[in-house]
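Dropping model00.cif in here (mmCIF, C-alpha atoms (C1' of nucleotides)):
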data_my_file
loop_
_atom_site.label_atom_id
_atom_site.label_comp_id
_atom_site.auth_asym_id
_atom_site.auth_seq_id
_atom_site.Cartn_x
_atom_site.Cartn_y
_atom_site.Cartn_z
CA MET A 7 101.01 108.16 109.83
CA PRO A 8 104.00 110.39 110.49
CA GLN A 9 105.21 112.42 107.57
CA VAL A 10 108.63 111.22 106.53
CA SER A 11 110.90 114.06 105.50
CA ARG A 12 112.84 113.65 102.25
CA GLU A 13 116.12 114.32 103.97
CA ASN A 14 115.87 111.06 105.86
CA ILE A 15 115.68 109.12 102.64
CA ASP A 16 117.49 110.92 99.84
CA PRO A 17 121.05 112.17 100.05
CA ALA A 18 120.11 115.33 98.15
CA GLN A 19 117.37 117.53 96.75
CA MET A 20 116.88 116.71 93.10
CA SER A 21 113.93 118.81 92.03
CA TYR A 22 115.52 120.05 88.82
CA LEU A 23 116.58 116.61 87.64
CA ASP A 24 113.24 115.09 88.62
CA GLY A 25 111.69 117.29 85.95
CA SER A 26 114.45 116.74 83.40
CA LEU A 27 113.46 114.76 80.34
CA GLY A 28 117.06 113.94 79.44
CA TYR A 29 117.91 112.64 82.88
CA ALA A 30 114.68 110.65 83.10
CA LEU A 31 115.46 109.07 79.71
CA HIS A 32 118.99 108.27 80.89
CA ARG A 33 117.79 106.61 84.08
CA ALA A 34 114.95 104.74 82.39
CA GLN A 35 117.29 103.39 79.76
CA LEU A 36 119.82 102.23 82.36
CA ALA A 37 117.15 100.37 84.31
CA VAL A 38 115.44 98.79 81.31
CA PHE A 39 118.75 97.76 79.70
CA GLU A 40 119.92 96.20 82.95
CA GLY A 41 116.73 94.16 83.09
CA ILE A 42 116.96 93.01 79.47
CA LEU A 43 120.62 92.08 79.76
CA GLN A 44 119.82 90.05 82.85
CA CYS A 45 117.31 88.15 80.73
CA PHE A 46 120.11 87.49 78.21
CA ALA A 47 122.82 86.79 80.75
CA GLU A 48 123.07 83.03 80.41
CA SER A 49 123.30 83.37 76.62
CA GLU A 50 126.21 85.81 76.87
CA VAL A 51 124.63 88.09 74.27
CA THR A 52 125.35 91.81 74.39
CA ALA A 53 122.90 94.53 73.42
CA ALA A 54 124.74 95.16 70.14
CA GLU A 55 124.69 91.45 69.31
CA PHE A 56 120.98 91.22 70.02
CA LEU A 57 120.27 94.15 67.73
CA VAL A 58 122.21 92.55 64.90
CA LEU A 59 120.52 89.19 65.45
CA VAL A 60 117.10 90.81 65.34
CA VAL A 61 117.72 92.87 62.20
CA VAL A 62 119.36 89.99 60.31
CA ALA A 63 116.52 87.67 61.32
CA GLU A 64 114.06 90.11 59.75
CA ASN A 65 116.33 90.86 56.77
CA PRO A 66 118.18 87.71 55.78
CA GLY A 67 120.97 88.41 53.31
CA ILE A 68 121.34 92.07 54.32
CA ASN A 69 124.84 93.45 53.82
CA GLN A 70 126.92 95.14 56.47
CA ALA A 71 126.54 98.67 55.17
CA ASP A 72 122.74 98.44 55.21
CA LEU A 73 122.84 96.73 58.58
CA ALA A 74 124.86 99.60 59.99
CA LYS A 75 122.59 102.13 58.33
CA SER A 76 119.45 100.55 59.73
CA LEU A 77 120.85 100.65 63.27
CA GLU A 78 122.29 104.12 62.66
CA VAL A 79 125.80 103.19 63.70
CA GLU A 80 129.05 103.56 61.80
CA ARG A 81 130.08 100.70 59.54
CA PRO A 82 133.16 99.62 61.52
CA ARG A 83 130.98 99.30 64.58
CA ILE A 84 129.35 96.02 63.53
CA VAL A 85 132.49 94.20 62.39
CA PRO A 86 133.52 92.89 65.82
CA THR A 87 129.88 92.11 66.62
CA LEU A 88 129.58 90.03 63.46
CA ASN A 89 132.92 88.36 64.15
CA SER A 90 131.67 87.32 67.56
CA LEU A 91 128.36 85.98 66.23
CA GLU A 92 130.16 84.11 63.45
CA LYS A 93 132.70 82.60 65.82
CA ARG A 94 129.86 81.26 67.93
CA GLY A 95 128.07 79.81 64.92
CA LEU A 96 125.08 82.16 65.18
CA ALA A 97 125.55 84.08 61.92
CA LYS A 98 127.56 83.73 58.76
CA ARG A 99 128.86 86.05 56.05
CA THR A 100 128.77 84.86 52.46
CA GLN A 101 130.22 86.38 49.31
CA VAL A 102 127.85 87.20 46.50
CA ALA A 103 128.67 86.58 42.82
CA GLU A 104 127.40 89.89 41.36
CA ASP A 105 129.53 92.14 43.57
CA ALA A 106 132.64 90.80 45.19
CA ARG A 107 132.72 93.63 47.72
CA VAL A 108 129.57 92.83 49.62
CA ARG A 109 128.95 90.13 52.20
CA GLN A 110 125.45 88.83 52.73
CA ILE A 111 124.62 88.06 56.32
CA HIS A 112 122.40 85.18 57.38
CA LEU A 113 121.63 83.61 60.71
CA THR A 114 122.41 79.94 61.18
CA LYS A 115 119.86 77.45 62.48
CA SER A 116 121.06 78.02 66.02
CA GLY A 117 121.18 81.77 65.45
CA LEU A 118 117.53 81.75 64.40
CA GLN A 119 116.67 79.56 67.34
CA LEU A 120 118.50 81.84 69.76
CA VAL A 121 117.01 85.08 68.47
CA LYS A 122 113.52 83.65 68.90
CA VAL A 123 114.24 82.77 72.52
CA LEU A 124 115.81 86.16 73.24
CA GLN A 125 112.98 88.06 71.58
CA LYS A 126 110.49 86.21 73.71
CA ARG A 127 112.48 86.99 76.85
CA ALA A 128 112.78 90.64 75.88
CA ARG A 129 109.07 90.85 75.12
CA ASP A 130 108.23 89.25 78.45
CA HIS A 131 110.52 91.67 80.25
CA GLN A 132 108.94 94.57 78.39
CA LYS A 133 105.49 93.38 79.44
CA ARG A 134 106.68 93.22 83.05
CA VAL A 135 108.06 96.74 83.18
CA MET A 136 105.17 98.16 81.15
CA ALA A 137 102.83 96.74 83.78
CA ARG A 138 104.02 99.55 86.06
CA LEU A 139 102.38 102.06 83.73
CA ASP A 140 98.71 102.88 83.76
CA GLU A 141 96.58 102.26 80.71
CA THR A 142 97.08 105.67 79.11
CA GLU A 143 100.81 105.67 79.73
CA ALA A 144 101.25 102.19 78.28
CA LYS A 145 99.30 103.22 75.22
CA VAL A 146 101.43 106.27 74.40
CA VAL A 147 104.92 105.53 75.71
CA LEU A 148 106.36 104.04 72.51
CA SER A 149 105.02 106.75 70.26
CA CYS A 150 106.35 109.32 72.75
CA LEU A 151 109.81 107.83 72.63
CA TRP A 152 109.97 107.61 68.84
CA LYS A 153 108.86 111.21 68.55
CA LEU A 154 111.62 112.22 70.93
CA ALA A 155 114.09 110.08 68.96
CA ALA A 156 113.19 112.04 65.84
CA ARG A 157 116.26 113.54 64.14
CA ASP A 158 114.45 112.25 61.06
CA SER A 159 115.71 108.80 61.85
CA PRO A 160 114.36 105.98 59.67
CA ALA A 161 112.67 104.53 62.72
CA GLU A 162 110.79 107.74 63.45
CA GLN A 163 109.80 108.13 59.85
CA ARG A 164 108.46 104.60 60.00
CA VAL A 165 106.46 105.27 63.14
CA ARG A 166 105.02 108.46 61.66
CA ARG A 167 104.13 106.58 58.45
CA ASN A 168 102.92 103.31 59.90
CA GLY A 169 102.09 104.01 63.53
CA ALA A 170 104.35 101.19 64.64
CA HIS A 171 103.49 101.83 68.28
CA VAL A 172 100.02 100.40 67.78
CA ARG A 173 101.72 97.03 67.46
CA GLY A 174 102.10 97.52 71.17
CA VAL A 175 104.51 95.50 73.26
CA MET B 24 99.25 109.78 45.32
CA PRO B 25 101.42 106.74 44.69
CA GLN B 26 102.11 104.51 47.63
CA VAL B 27 105.78 104.65 48.52
CA SER B 28 107.13 101.27 49.53
CA ARG B 29 109.27 101.09 52.66
CA GLU B 30 112.11 99.45 50.80
CA ASN B 31 112.75 102.63 48.86
CA ILE B 32 113.37 104.54 52.05
CA ASP B 33 114.67 102.25 54.79
CA PRO B 34 117.61 99.92 54.37
CA ALA B 35 115.85 97.21 56.37
CA GLN B 36 112.63 95.99 57.96
CA MET B 37 112.64 96.90 61.63
CA SER B 38 109.25 95.83 62.89
CA TYR B 39 110.55 94.11 66.00
CA LEU B 40 112.72 97.02 67.09
CA ASP B 41 110.01 99.56 66.30
CA GLY B 42 107.98 97.92 69.07
CA SER B 43 110.91 97.52 71.46
CA LEU B 44 110.80 99.69 74.55
CA GLY B 45 114.51 99.29 75.22
CA TYR B 46 115.52 100.30 71.71
CA ALA B 47 113.09 103.23 71.67
CA LEU B 48 114.56 104.43 74.98
CA HIS B 49 118.07 104.08 73.59
CA ARG B 50 117.28 106.07 70.48
CA ALA B 51 115.29 108.73 72.30
CA GLN B 52 118.10 109.22 74.78
CA LEU B 53 120.70 109.54 72.02
CA ALA B 54 118.66 112.18 70.20
CA VAL B 55 117.73 114.19 73.30
CA PHE B 56 121.28 114.10 74.69
CA GLU B 57 122.68 115.23 71.37
CA GLY B 58 120.31 118.18 71.40
CA ILE B 59 121.13 119.16 74.98
CA LEU B 60 124.87 118.87 74.47
CA GLN B 61 124.57 121.08 71.40
CA CYS B 62 122.94 123.68 73.65
CA PHE B 63 125.93 123.38 75.99
CA ALA B 64 128.57 123.20 73.28
CA GLU B 65 130.03 126.68 73.56
CA SER B 66 130.35 126.27 77.34
CA GLU B 67 132.30 123.01 76.94
CA VAL B 68 130.24 121.34 79.65
CA THR B 69 129.75 117.58 79.55
CA ALA B 70 126.62 115.77 80.68
CA ALA B 71 128.36 114.58 83.84
CA GLU B 72 129.54 118.10 84.63
CA PHE B 73 126.06 119.50 84.15
CA LEU B 74 124.59 116.92 86.51
CA VAL B 75 127.13 117.80 89.20
CA LEU B 76 126.56 121.53 88.73
CA VAL B 77 122.80 121.08 89.07
CA VAL B 78 122.93 118.90 92.18
CA VAL B 79 125.51 121.08 93.94
CA ALA B 80 123.50 124.20 93.07
CA GLU B 81 120.52 122.65 94.82
CA ASN B 82 122.59 121.19 97.66
CA PRO B 83 125.41 123.59 98.52
CA GLY B 84 127.96 121.98 100.81
CA ILE B 85 127.08 118.42 99.81
CA ASN B 86 129.99 115.99 100.12
CA GLN B 87 131.27 113.79 97.33
CA ALA B 88 129.86 110.54 98.70
CA ASP B 89 126.34 111.95 98.89
CA LEU B 90 126.75 113.57 95.52
CA ALA B 91 127.68 110.22 93.99
CA LYS B 92 124.82 108.53 95.83
CA SER B 93 122.27 111.05 94.61
CA LEU B 94 123.34 110.54 91.00
CA GLU B 95 123.65 106.78 91.55
CA VAL B 96 127.19 106.56 90.28
CA GLU B 97 130.27 105.15 91.96
CA ARG B 98 132.33 107.50 94.14
CA PRO B 99 135.45 107.57 91.95
CA ARG B 100 133.29 108.63 89.04
CA ILE B 101 132.86 112.22 90.17
CA VAL B 102 136.47 112.96 91.08
CA PRO B 103 137.65 113.91 87.59
CA THR B 104 134.42 115.81 87.00
CA LEU B 105 134.99 117.85 90.16
CA ASN B 106 138.63 118.37 89.25
CA SER B 107 137.57 119.79 85.92
CA LEU B 108 134.95 122.08 87.43
CA GLU B 109 137.40 123.26 90.08
CA LYS B 110 140.15 123.92 87.55
CA ARG B 111 137.75 126.11 85.59
CA GLY B 112 136.71 128.01 88.69
CA LEU B 113 133.11 126.74 88.64
CA ALA B 114 133.16 124.74 91.89
CA LYS B 115 135.37 124.39 94.93
CA ARG B 116 136.02 121.74 97.55
CA THR B 117 136.55 122.86 101.14
CA GLN B 118 137.64 120.91 104.18
CA VAL B 119 135.34 120.85 107.16
CA ALA B 120 136.56 121.16 110.75
CA GLU B 121 134.43 118.41 112.35
CA ASP B 122 135.62 115.63 110.05
CA ALA B 123 138.87 115.98 108.18
CA ARG B 124 137.86 113.28 105.70
CA VAL B 125 134.98 115.04 104.01
CA ARG B 126 135.05 117.79 101.42
CA GLN B 127 132.12 120.15 101.11
CA ILE B 128 131.35 121.20 97.58
CA HIS B 129 130.09 124.64 96.64
CA LEU B 130 129.68 126.43 93.35
CA THR B 131 131.55 129.65 92.80
CA LYS B 132 129.84 132.82 91.63
CA SER B 133 130.57 131.94 88.02
CA GLY B 134 129.52 128.34 88.62
CA LEU B 135 126.15 129.51 89.90
CA GLN B 136 125.85 131.89 87.00
CA LEU B 137 126.71 129.17 84.48
CA VAL B 138 124.36 126.56 85.90
CA LYS B 139 121.48 129.03 85.66
CA VAL B 140 122.23 129.66 82.00
CA LEU B 141 122.59 125.97 81.21
CA GLN B 142 119.42 125.05 83.07
CA LYS B 143 117.52 127.61 81.07
CA ARG B 144 118.97 126.29 77.82
CA ALA B 145 118.15 122.71 78.81
CA ARG B 146 114.62 123.70 79.79
CA ASP B 147 114.13 125.51 76.49
CA HIS B 148 115.41 122.52 74.58
CA GLN B 149 113.11 120.25 76.56
CA LYS B 150 110.18 122.49 75.72
CA ARG B 151 111.12 122.30 72.05
CA VAL B 152 111.29 118.51 71.87
CA MET B 153 108.23 118.08 74.07
CA ALA B 154 106.31 120.20 71.58
CA ARG B 155 106.41 117.19 69.26
CA LEU B 156 104.19 115.30 71.71
CA ASP B 157 100.46 115.70 71.89
CA GLU B 158 98.82 116.92 75.09
CA THR B 159 98.30 113.52 76.67
CA GLU B 160 101.79 112.35 75.82
CA ALA B 161 103.41 115.48 77.22
CA LYS B 162 101.43 115.08 80.41
CA VAL B 163 102.51 111.52 81.11
CA VAL B 164 105.96 111.11 79.60
CA LEU B 165 108.00 112.03 82.69
CA SER B 166 105.98 109.88 85.04
CA CYS B 167 106.28 107.05 82.51
CA LEU B 168 110.04 107.34 82.41
CA TRP B 169 110.49 107.47 86.16
CA LYS B 170 108.29 104.42 86.57
CA LEU B 171 110.44 102.59 84.04
CA ALA B 172 113.58 103.80 85.82
CA ALA B 173 112.28 102.23 89.02
CA ARG B 174 114.79 99.82 90.55
CA ASP B 175 113.66 101.62 93.73
CA SER B 176 115.92 104.50 92.82
CA PRO B 177 115.68 107.59 95.04
CA ALA B 178 114.39 109.53 92.07
CA GLU B 179 111.54 107.15 91.44
CA GLN B 180 110.66 107.06 95.10
CA ARG B 181 110.55 110.85 95.00
CA VAL B 182 108.28 110.91 91.99
CA ARG B 183 105.96 108.36 93.60
CA ARG B 184 105.92 110.41 96.81
CA ASN B 185 105.75 113.90 95.39
CA GLY B 186 104.50 113.53 91.85
CA ALA B 187 107.50 115.48 90.58
CA HIS B 188 106.31 115.10 87.01
CA VAL B 189 103.48 117.57 87.56
CA ARG B 190 106.16 120.22 87.72
CA GLY B 191 106.08 119.63 84.00
CA VAL B 192 108.73 120.91 81.66
"C1'" DT C 6 135.87 108.08 41.86
"C1'" DA C 7 132.84 105.76 44.89
"C1'" DT C 8 131.67 101.82 47.79
"C1'" DT C 9 132.24 97.44 50.93
"C1'" DG C 10 134.42 95.63 54.43
"C1'" DT C 11 138.24 96.11 57.46
"C1'" DT C 12 142.00 97.79 60.67
"C1'" DA C 13 143.91 100.92 63.79
"C1'" DT C 14 143.18 104.29 66.89
"C1'" DA C 15 141.32 107.26 70.25
"C1'" DC C 16 137.93 109.16 73.21
"C1'" DT C 17 134.11 108.79 76.48
"C1'" DC C 18 131.66 106.53 80.09
"C1'" DT C 19 131.71 103.53 83.77
"C1'" DA C 20 132.99 100.02 87.45
"C1'" DT C 21 136.31 97.70 90.54
"C1'" DA C 22 140.05 97.31 93.57
"C1'" DA C 23 143.18 99.22 96.36
"C1'" DC C 24 145.35 103.00 98.55
"C1'" DT C 25 145.55 107.30 102.21
"C1'" DA C 26 143.96 109.65 105.82
"C1'" DT C 27 141.06 109.98 108.93
"C1'" DA C 28 137.33 108.41 112.36
"C1'" DT D 30 136.93 98.32 111.53
"C1'" DA D 31 134.57 101.68 108.71
"C1'" DT D 32 134.26 105.86 105.89
"C1'" DA D 33 135.71 109.93 102.49
"C1'" DG D 34 138.33 110.91 98.90
"C1'" DT D 35 141.59 109.34 95.60
"C1'" DT D 36 144.40 106.63 92.17
"C1'" DA D 37 145.05 103.18 88.83
"C1'" DT D 38 143.18 100.23 85.79
"C1'" DA D 39 140.25 97.92 82.72
"C1'" DG D 40 136.28 97.21 80.03
"C1'" DA D 41 132.44 98.68 77.32
"C1'" DG D 42 130.62 101.71 73.55
"C1'" DT D 43 131.40 104.71 69.86
"C1'" DA D 44 133.54 107.62 66.12
"C1'" DT D 45 137.16 108.81 62.71
"C1'" DA D 46 140.60 108.04 59.37
"C1'" DA D 47 142.74 105.26 56.31
"C1'" DC D 48 143.43 101.06 53.78
"C1'" DA D 49 142.51 97.03 50.31
"C1'" DA D 50 139.58 95.12 47.06
"C1'" DT D 51 136.22 95.99 43.84
"C1'" DA D 52 132.96 98.63 41.06
#
Output the file's structure as structure tokens, nothing else.
Amino acid sequence: MPQVSRENIDPAQMSYLDGSLGYALHRAQLAVFEGILQCFAESEVTAAEFLVLVVVAENPGINQADLAKSLEVERPRIVPTLNSLEKRGLAKRTQVAEDARVRQIHLTKSGLQLVKVLQKRARDHQKRVMARLDETEAKVVLSCLWKLAARDSPAEQRVRRNGAHVRGV
Amino acid sequence: MPQVSRENIDPAQMSYLDGSLGYALHRAQLAVFEGILQCFAESEVTAAEFLVLVVVAENPGINQADLAKSLEVERPRIVPTLNSLEKRGLAKRTQVAEDARVRQIHLTKSGLQLVKVLQKRARDHQKRVMARLDETEAKVVLSCLWKLAARDSPAEQRVRRNGAHVRGV
DNA sequence: TATTGTTATACTCTATAACTATA
DNA sequence: TATAGTTATAGAGTATAACAATA
């Protein structure tokens, strides 16, 4: 078997970036997101919309401030997302008697139905890409990522407390 | 020791997202990028500029098409980046006699000097965040990420061929 | 005064199409 | 006809500041 030189394949030497954690994270995220969004394509659901659907499904009646906090985005960020979900009949905002400022968010029947389908597709996709990893890698990758995500984020605190990665895929 | 309930700490239940590879990648990338860019802050270098500096440093004389290809971005993407680097005297484009269409890119003295400093800062930062991982995790995280980045990218092909991750931090 | 939801705005990142000048 | 570099443009994603209503 003839040895194929790199220069015939790659347009450039990339030895620094090949060892760069930040660049590897960037590229991995691009690839994995592209795959997930392809799974969602026919439903016309964006990443932000999926995140909101998932959190509201697990926390029915959550208000927008807590929703933003849990996803660690700014409050204005979720307004257009919620508008879009509401317009499509997937979620609804309701006023609450005790405090006229807050809106409780719930998924509709079809919102609940959709989020179940999308979660299954995302889980299946995750299983597919995780199959590229060997046993050790698959076992540690999620805990790795949450440790790197640190910044004392709620999610990392949760993983440290509960070992969420053992839930696996 | 009293058991602290999650609800007192987190604004929402996040069990699905805690097990989501895509979300973990997203959050890890945000945190790691934020850290790296803080290391670069005083130099006013963006992520895109750093990538170009690094690739040109390793591939002096590369043209813009190959540079874009190696970073897997579209050709127009690097034009403003190169303009910025050139304006600051960090890189320069030169015409080549054999083909009047192509521009060869080189770093200037101060560009070379800067990229060395930034690479050291990025490597130090990487060492710091990798210190949160245990031994096994640190050993496999880069190979994990490049496998997930797959899509038959040049970088993943390189890692598969050369095992670039053993270069470690 | 502080908080919830909202609007307006701007900045970054990225892709596409089309142009120019060469080949 | 194809390629290198460029321009113009548009669309995501995100953050900030400020506002109205309410507490």
* Ground truth for the PyMOL selection byres ((chain C) within 9 of (chain A)), written as a list in words ->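 Checked against the file, the PyMOL selection byres ((chain C) within 9 of (chain A)) matches DT8, DT9, DG10 and DT11 of chain C.
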What are the coordinates of chain A as a short mmCIF file (atom, residue, chain, number, x, y, z; two decimals) with C-alpha atoms, keeping the file's coordinate frame following a least-squares fit to chain B on all in-order C-alpha atoms?
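Result went into superposed-v5.cif, see below:
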data_model
loop_
_atom_site.label_atom_id
_atom_site.label_comp_id
_atom_site.auth_asym_id
_atom_site.auth_seq_id
_atom_site.Cartn_x
_atom_site.Cartn_y
_atom_site.Cartn_z
CA MET A 7 99.38 110.16 45.78
CA PRO A 8 101.46 107.10 44.97
CA GLN A 9 102.13 104.76 47.83
CA VAL A 10 105.81 104.80 48.65
CA SER A 11 107.10 101.37 49.58
CA ARG A 12 109.26 101.11 52.71
CA GLU A 13 112.05 99.44 50.80
CA ASN A 14 112.74 102.63 48.89
CA ILE A 15 113.38 104.50 52.09
CA ASP A 16 114.68 102.19 54.80
CA PRO A 17 117.63 99.87 54.40
CA ALA A 18 115.85 97.16 56.39
CA GLN A 19 112.64 95.94 57.97
CA MET A 20 112.65 96.85 61.63
CA SER A 21 109.26 95.79 62.90
CA TYR A 22 110.56 94.09 66.03
CA LEU A 23 112.73 97.00 67.10
CA ASP A 24 110.00 99.51 66.30
CA GLY A 25 107.99 97.90 69.09
CA SER A 26 110.93 97.52 71.46
CA LEU A 27 110.81 99.69 74.55
CA GLY A 28 114.53 99.31 75.23
CA TYR A 29 115.54 100.29 71.73
CA ALA A 30 113.11 103.21 71.68
CA LEU A 31 114.56 104.43 75.00
CA HIS A 32 118.08 104.07 73.60
CA ARG A 33 117.29 106.05 70.47
CA ALA A 34 115.30 108.72 72.30
CA GLN A 35 118.10 109.23 74.77
CA LEU A 36 120.71 109.54 72.01
CA ALA A 37 118.66 112.17 70.20
CA VAL A 38 117.73 114.19 73.28
CA PHE A 39 121.29 114.10 74.68
CA GLU A 40 122.70 115.22 71.35
CA GLY A 41 120.33 118.18 71.37
CA ILE A 42 121.13 119.17 74.96
CA LEU A 43 124.87 118.88 74.44
CA GLN A 44 124.58 121.08 71.38
CA CYS A 45 122.94 123.67 73.62
CA PHE A 46 125.95 123.38 75.96
CA ALA A 47 128.59 123.19 73.26
CA GLU A 48 130.05 126.67 73.54
CA SER A 49 130.38 126.25 77.31
CA GLU A 50 132.34 123.01 76.92
CA VAL A 51 130.27 121.33 79.64
CA THR A 52 129.75 117.58 79.52
CA ALA A 53 126.62 115.78 80.66
CA ALA A 54 128.36 114.56 83.83
CA GLU A 55 129.55 118.09 84.62
CA PHE A 56 126.07 119.50 84.13
CA LEU A 57 124.60 116.93 86.49
CA VAL A 58 127.12 117.81 89.18
CA LEU A 59 126.56 121.53 88.70
CA VAL A 60 122.81 121.09 89.03
CA VAL A 61 122.93 118.92 92.15
CA VAL A 62 125.51 121.11 93.91
CA ALA A 63 123.51 124.22 93.04
CA GLU A 64 120.50 122.68 94.78
CA ASN A 65 122.58 121.22 97.63
CA PRO A 66 125.40 123.61 98.47
CA GLY A 67 127.96 122.03 100.78
CA ILE A 68 127.08 118.45 99.79
CA ASN A 69 129.98 116.02 100.10
CA GLN A 70 131.25 113.78 97.35
CA ALA A 71 129.83 110.54 98.71
CA ASP A 72 126.31 111.98 98.89
CA LEU A 73 126.75 113.59 95.50
CA ALA A 74 127.66 110.24 94.01
CA LYS A 75 124.80 108.56 95.83
CA SER A 76 122.26 111.07 94.60
CA LEU A 77 123.33 110.55 90.99
CA GLU A 78 123.62 106.80 91.55
CA VAL A 79 127.18 106.57 90.29
CA GLU A 80 130.25 105.16 92.00
CA ARG A 81 132.27 107.52 94.16
CA PRO A 82 135.41 107.58 91.99
CA ARG A 83 133.27 108.60 89.06
CA ILE A 84 132.84 112.22 90.17
CA VAL A 85 136.46 112.93 91.10
CA PRO A 86 137.65 113.87 87.60
CA THR A 87 134.41 115.78 87.01
CA LEU A 88 134.98 117.82 90.16
CA ASN A 89 138.63 118.34 89.25
CA SER A 90 137.57 119.75 85.91
CA LEU A 91 134.95 122.07 87.42
CA GLU A 92 137.42 123.24 90.06
CA LYS A 93 140.16 123.88 87.53
CA ARG A 94 137.78 126.08 85.58
CA GLY A 95 136.73 128.00 88.67
CA LEU A 96 133.14 126.73 88.61
CA ALA A 97 133.16 124.74 91.86
CA LYS A 98 135.36 124.40 94.89
CA ARG A 99 136.01 121.76 97.55
CA THR A 100 136.52 122.89 101.12
CA GLN A 101 137.60 120.96 104.20
CA VAL A 102 135.26 120.92 107.15
CA ALA A 103 136.46 121.22 110.77
CA GLU A 104 134.28 118.48 112.34
CA ASP A 105 135.45 115.68 110.04
CA ALA A 106 138.72 115.97 108.22
CA ARG A 107 137.74 113.28 105.72
CA VAL A 108 134.90 115.06 104.00
CA ARG A 109 135.02 117.84 101.43
CA GLN A 110 132.10 120.20 101.10
CA ILE A 111 131.35 121.22 97.55
CA HIS A 112 130.10 124.67 96.59
CA LEU A 113 129.68 126.43 93.30
CA THR A 114 131.56 129.66 92.74
CA LYS A 115 129.87 132.84 91.56
CA SER A 116 130.61 131.95 87.97
CA GLY A 117 129.56 128.35 88.57
CA LEU A 118 126.18 129.53 89.84
CA GLN A 119 125.89 131.90 86.93
CA LEU A 120 126.74 129.18 84.43
CA VAL A 121 124.37 126.57 85.84
CA LYS A 122 121.51 129.05 85.60
CA VAL A 123 122.25 129.68 81.94
CA LEU A 124 122.61 125.97 81.17
CA GLN A 125 119.42 125.07 83.01
CA LYS A 126 117.53 127.63 81.01
CA ARG A 127 118.98 126.28 77.77
CA ALA A 128 118.15 122.72 78.76
CA ARG A 129 114.62 123.70 79.74
CA ASP A 130 114.14 125.51 76.45
CA HIS A 131 115.42 122.50 74.55
CA GLN A 132 113.11 120.25 76.53
CA LYS A 133 110.17 122.49 75.67
CA ARG A 134 111.13 122.29 72.00
CA VAL A 135 111.30 118.51 71.83
CA MET A 136 108.23 118.07 74.04
CA ALA A 137 106.32 120.19 71.54
CA ARG A 138 106.41 117.17 69.22
CA LEU A 139 104.19 115.29 71.68
CA ASP A 140 100.46 115.69 71.87
CA GLU A 141 98.83 116.94 75.04
CA THR A 142 98.30 113.53 76.65
CA GLU A 143 101.79 112.34 75.80
CA ALA A 144 103.41 115.49 77.19
CA LYS A 145 101.42 115.11 80.37
CA VAL A 146 102.51 111.54 81.10
CA VAL A 147 105.97 111.13 79.57
CA LEU A 148 108.00 112.05 82.66
CA SER A 149 106.00 109.90 85.02
CA CYS A 150 106.28 107.06 82.49
CA LEU A 151 110.04 107.36 82.38
CA TRP A 152 110.49 107.49 86.15
CA LYS A 153 108.30 104.43 86.55
CA LEU A 154 110.45 102.61 84.02
CA ALA A 155 113.58 103.83 85.82
CA ALA A 156 112.29 102.24 89.01
CA ARG A 157 114.82 99.82 90.54
CA ASP A 158 113.70 101.60 93.71
CA SER A 159 115.95 104.47 92.80
CA PRO A 160 115.71 107.55 95.03
CA ALA A 161 114.39 109.49 92.07
CA GLU A 162 111.54 107.06 91.49
CA GLN A 163 110.70 106.98 95.14
CA ARG A 164 110.55 110.75 95.03
CA VAL A 165 108.26 110.78 92.02
CA ARG A 166 105.96 108.21 93.62
CA ARG A 167 105.92 110.25 96.86
CA ASN A 168 105.73 113.75 95.45
CA GLY A 169 104.51 113.38 91.88
CA ALA A 170 107.48 115.34 90.60
CA HIS A 171 106.24 115.03 87.03
CA VAL A 172 103.45 117.49 87.72
CA ARG A 173 106.15 120.14 87.90
CA GLY A 174 106.13 119.58 84.18
CA VAL A 175 108.93 120.74 81.92
#
* Chain and number of each residue from the PyMOL selection byres ((chain C and resi 25-28) around 12), as a PyMOL selection string -> (chain B and resi 121-125) or (chain C and resi 23-24) or (chain D and resi 30-36)
* In Å, with one decimal, what is the gap from CA of Glu78 (chain A) to CA of Leu57 (chain A)? ->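 If I compute the distance from CA of Glu78 (chain A) to CA of Leu57 (chain A), I get 11.4 Å.
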* To do: For chain A, list the residues within 8 Å of chain B, counting only C-alpha atoms, and write the list as a VMD selection string.
  => chain A and resid 15 to 28 30 to 39 42 60 to 61 64 to 65 68 72 to 73 75 to 76 129 132 135 to 136 138 to 139 143 146 to 148 150 to 157 160 to 161 165 170 to 171 173 to 175
